[in-house]
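Presented below is the structure to which this report refers.
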Amino acid sequence: MTPLALAMIFSAYLLGSISSAVLICRLLRLPDPREVGSNNPGATNVLRIGGRKAAVAVLLCDMLKGTIPVWGGYFLDIEPIMLGIVAIAACLGHMYPLFFHFKGGKGVATALGAIAPIGLDLTAMVIVTWLTVALIFRYSSLAALVTVLLTPMYTWMIKPQYTLPVAMLCCLIVFKHHQNIRRLYEGSEPKIGDKKLKQNEVKQASE
């Protein structure tokens, strides 16, 4: 491993450790997403507690955490397997953020951002898959799981040299969703748009 690749991996983890959800909720004076709703500092939970604008802001920032280091490594001619490790480092930073007591999100948006530099066609296939499953079943976690299981195949069809690192990244996402998989099996997983938070709960959490 070259010093450049090692620096990119370390930088990707630090960038991923910046919790967009927590910072945006603080800026908008919303409850801490780690303490309400699904307790997950990600766009879906922010959607429940803060609405669409806050959720979109979190989604874009989380994607950039993956795109910036991977795109930088791509232009620095880092080999595909090292780019995969850079992407995994960014997602690990999001999942286990150094700056936020290692309590992070599931890494789906950051993974999407990391995959985006491979090509717009792959990115479009990933987004369409997620949206299709989410619209049909209304489970964000199910949409994420189906998407990450199909993404290595999409990558193989478009740029096969990136299949292994993308598959490694997708395995990490599936592992992080183990609690969601259990709740889906039990039928207790909240659906997109569910208003399970009571107003007084949100108010108390913000005080």
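Going through the structure tokens in order, the chains are called A, B, and so on, while each chain numbers its residues from 1 and the ligands are numbered from 1 in the order shown.
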Close residues, Leu92 of chain A itself excluded, 12 Å, only C-alpha atoms, min 2 positions apart in chain, as a PyMOL selection string:
chain A and resi 9-19+65-66+85-90+94-98+102-108+110-111+169+172-173+175-176
With N, CA, C and O atoms retained, write the just-selected residues as a compact mmCIF listing (two decimals), in the first residue's frame.
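Printed below is again-v4.txt as written:
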# COMPACT_ATOMS: atom_id res chain seq x y z
N ILE A 9 -7.16 6.81 2.40
CA ILE A 9 -8.02 5.99 3.25
C ILE A 9 -8.29 6.68 4.58
O ILE A 9 -9.43 6.75 5.04
N PHE A 10 -7.24 7.22 5.19
CA PHE A 10 -7.38 7.92 6.47
C PHE A 10 -8.25 9.17 6.31
O PHE A 10 -9.13 9.44 7.13
N SER A 11 -8.03 9.92 5.22
CA SER A 11 -8.82 11.13 4.97
C SER A 11 -10.28 10.78 4.73
O SER A 11 -11.18 11.51 5.18
N ALA A 12 -10.52 9.68 4.03
CA ALA A 12 -11.90 9.26 3.74
C ALA A 12 -12.63 8.92 5.03
O ALA A 12 -13.81 9.27 5.20
N TYR A 13 -11.94 8.25 5.96
CA TYR A 13 -12.57 7.92 7.23
C TYR A 13 -12.91 9.18 8.02
O TYR A 13 -14.00 9.30 8.59
N LEU A 14 -11.99 10.14 8.05
CA LEU A 14 -12.23 11.38 8.79
C LEU A 14 -13.39 12.17 8.18
O LEU A 14 -14.23 12.71 8.90
N LEU A 15 -13.44 12.22 6.86
CA LEU A 15 -14.53 12.92 6.19
C LEU A 15 -15.86 12.21 6.48
O LEU A 15 -16.88 12.85 6.75
N GLY A 16 -15.84 10.89 6.42
CA GLY A 16 -17.05 10.13 6.72
C GLY A 16 -17.52 10.30 8.14
O GLY A 16 -18.71 10.16 8.44
N SER A 17 -16.59 10.63 9.04
CA SER A 17 -16.93 10.78 10.46
C SER A 17 -17.69 12.06 10.77
O SER A 17 -18.13 12.25 11.90
N ILE A 18 -17.81 12.94 9.79
CA ILE A 18 -18.60 14.17 9.99
C ILE A 18 -20.07 13.82 9.80
O ILE A 18 -20.51 13.55 8.69
N SER A 19 -20.83 13.80 10.88
CA SER A 19 -22.23 13.37 10.83
C SER A 19 -23.12 14.49 10.30
O SER A 19 -23.46 15.43 11.03
N LYS A 65 -19.73 12.77 1.11
CA LYS A 65 -18.69 12.15 1.95
C LYS A 65 -18.08 10.93 1.26
O LYS A 65 -16.92 10.58 1.52
N GLY A 66 -18.85 10.27 0.42
CA GLY A 66 -18.32 9.14 -0.33
C GLY A 66 -17.73 9.55 -1.67
O GLY A 66 -16.70 9.03 -2.09
N ILE A 85 -11.28 0.29 -0.98
CA ILE A 85 -10.96 0.45 0.44
C ILE A 85 -11.18 1.90 0.88
O ILE A 85 -11.64 2.15 2.01
N VAL A 86 -10.91 2.85 -0.01
CA VAL A 86 -11.20 4.26 0.29
C VAL A 86 -12.70 4.44 0.51
O VAL A 86 -13.14 5.10 1.46
N ALA A 87 -13.50 3.83 -0.37
CA ALA A 87 -14.96 3.91 -0.23
C ALA A 87 -15.43 3.27 1.07
O ALA A 87 -16.29 3.82 1.78
N ILE A 88 -14.87 2.13 1.41
CA ILE A 88 -15.22 1.45 2.65
C ILE A 88 -14.82 2.30 3.85
O ILE A 88 -15.57 2.40 4.84
N ALA A 89 -13.67 2.97 3.78
CA ALA A 89 -13.22 3.83 4.88
C ALA A 89 -14.20 4.98 5.09
O ALA A 89 -14.52 5.34 6.23
N ALA A 90 -14.69 5.57 3.99
CA ALA A 90 -15.67 6.66 4.11
C ALA A 90 -16.95 6.16 4.76
O ALA A 90 -17.53 6.83 5.62
N HIS A 94 -18.79 7.03 8.40
CA HIS A 94 -20.20 7.38 8.58
C HIS A 94 -20.87 6.46 9.61
O HIS A 94 -21.66 6.91 10.44
N MET A 95 -20.54 5.18 9.56
CA MET A 95 -21.16 4.22 10.47
C MET A 95 -20.62 4.34 11.90
O MET A 95 -21.37 4.21 12.87
N TYR A 96 -19.32 4.58 12.01
CA TYR A 96 -18.66 4.66 13.31
C TYR A 96 -17.83 5.94 13.37
O TYR A 96 -16.60 5.91 13.34
N PRO A 97 -18.51 7.10 13.45
CA PRO A 97 -17.81 8.40 13.35
C PRO A 97 -16.94 8.71 14.56
O PRO A 97 -17.40 8.66 15.70
N LEU A 98 -15.71 9.04 14.28
CA LEU A 98 -14.75 9.38 15.34
C LEU A 98 -15.22 10.58 16.15
O LEU A 98 -15.01 10.63 17.36
N PHE A 102 -18.75 7.36 17.84
CA PHE A 102 -18.87 6.13 17.05
C PHE A 102 -20.32 5.67 16.87
O PHE A 102 -20.57 4.50 16.63
N LYS A 103 -21.28 6.61 17.00
CA LYS A 103 -22.68 6.29 16.79
C LYS A 103 -23.12 6.91 15.46
O LYS A 103 -23.44 8.10 15.40
N GLY A 104 -23.09 6.12 14.40
CA GLY A 104 -23.38 6.63 13.07
C GLY A 104 -24.55 5.96 12.39
O GLY A 104 -25.33 5.24 13.01
N GLY A 105 -24.66 6.21 11.09
CA GLY A 105 -25.78 5.70 10.31
C GLY A 105 -25.46 4.40 9.60
O GLY A 105 -24.48 3.72 9.91
N LYS A 106 -26.28 4.08 8.61
CA LYS A 106 -26.18 2.80 7.91
C LYS A 106 -25.24 2.86 6.70
O LYS A 106 -24.88 1.83 6.15
N GLY A 107 -24.93 4.06 6.23
CA GLY A 107 -23.93 4.19 5.16
C GLY A 107 -24.45 4.06 3.75
O GLY A 107 -23.66 4.04 2.81
N VAL A 108 -25.77 4.01 3.56
CA VAL A 108 -26.32 3.80 2.21
C VAL A 108 -26.02 4.99 1.31
O VAL A 108 -25.53 4.83 0.19
N THR A 110 -23.78 7.35 1.68
CA THR A 110 -22.33 7.50 1.50
C THR A 110 -21.81 6.48 0.50
O THR A 110 -20.95 6.79 -0.33
N ALA A 111 -22.34 5.27 0.56
CA ALA A 111 -21.95 4.23 -0.41
C ALA A 111 -22.37 4.63 -1.82
O ALA A 111 -21.62 4.43 -2.79
N LEU A 169 -17.99 -3.37 -0.41
CA LEU A 169 -18.75 -2.25 0.16
C LEU A 169 -20.19 -2.66 0.46
O LEU A 169 -20.74 -2.35 1.52
N LEU A 172 -20.61 -4.74 3.58
CA LEU A 172 -20.57 -3.90 4.78
C LEU A 172 -21.95 -3.29 5.05
O LEU A 172 -22.40 -3.25 6.20
N ILE A 173 -22.63 -2.84 4.00
CA ILE A 173 -23.95 -2.23 4.16
C ILE A 173 -24.95 -3.27 4.67
O ILE A 173 -25.76 -2.98 5.56
N PHE A 175 -24.30 -5.94 6.45
CA PHE A 175 -23.98 -6.21 7.85
C PHE A 175 -24.55 -5.14 8.76
O PHE A 175 -25.09 -5.44 9.83
N LYS A 176 -24.45 -3.89 8.36
CA LYS A 176 -24.94 -2.79 9.19
C LYS A 176 -26.46 -2.81 9.31
O LYS A 176 -27.01 -2.22 10.24
Each residue of segment 130-150 of chain A lying at most 12 Å from segment 43-55 of chain A should get a row with its shortest atom-to-atom pair and the distance in Å to one decimal, counting only C-alpha atoms; could you produce that, ordered by chain and increasing number, as JSON lines?
{"residue": "A:Ala134", "atom": "CA", "partner": "A:Thr44", "partner_atom": "CA", "distance": 11.5}
{"residue": "A:Arg138", "atom": "CA", "partner": "A:Thr44", "partner_atom": "CA", "distance": 11.5}
{"residue": "A:Tyr139", "atom": "CA", "partner": "A:Thr44", "partner_atom": "CA", "distance": 10.1}
{"residue": "A:Ser140", "atom": "CA", "partner": "A:Thr44", "partner_atom": "CA", "distance": 7.3}
{"residue": "A:Ser141", "atom": "CA", "partner": "A:Thr44", "partner_atom": "CA", "distance": 9.4}
{"residue": "A:Ala143", "atom": "CA", "partner": "A:Thr44", "partner_atom": "CA", "distance": 11.8}
{"residue": "A:Ala144", "atom": "CA", "partner": "A:Thr44", "partner_atom": "CA", "distance": 11.3}
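Using only C-alpha atoms, the smallest distance between any of A:Leu28, A:Ile68, A:Leu149, A:Ala116 and Met8 of chain A comes from A:Ile68.
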Just list the residues in segment 18-178 of chain A DSSP gives helix (DSSP H, G or I) on the backbone, as an NGL selection string.
:A and (20-27 or 43-50 or 52-75 or 80-95 or 98-100 or 108-118 or 120-137 or 140-158 or 160-176 or 178)
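Atom CA of Arg183 of chain A lies 14.4 Å from atom CA of Gly37 of chain A.
Taking atom CA of Cys61 of chain A and atom CA of Cys171 of chain A as the two end points, the separation is 22.5 Å.
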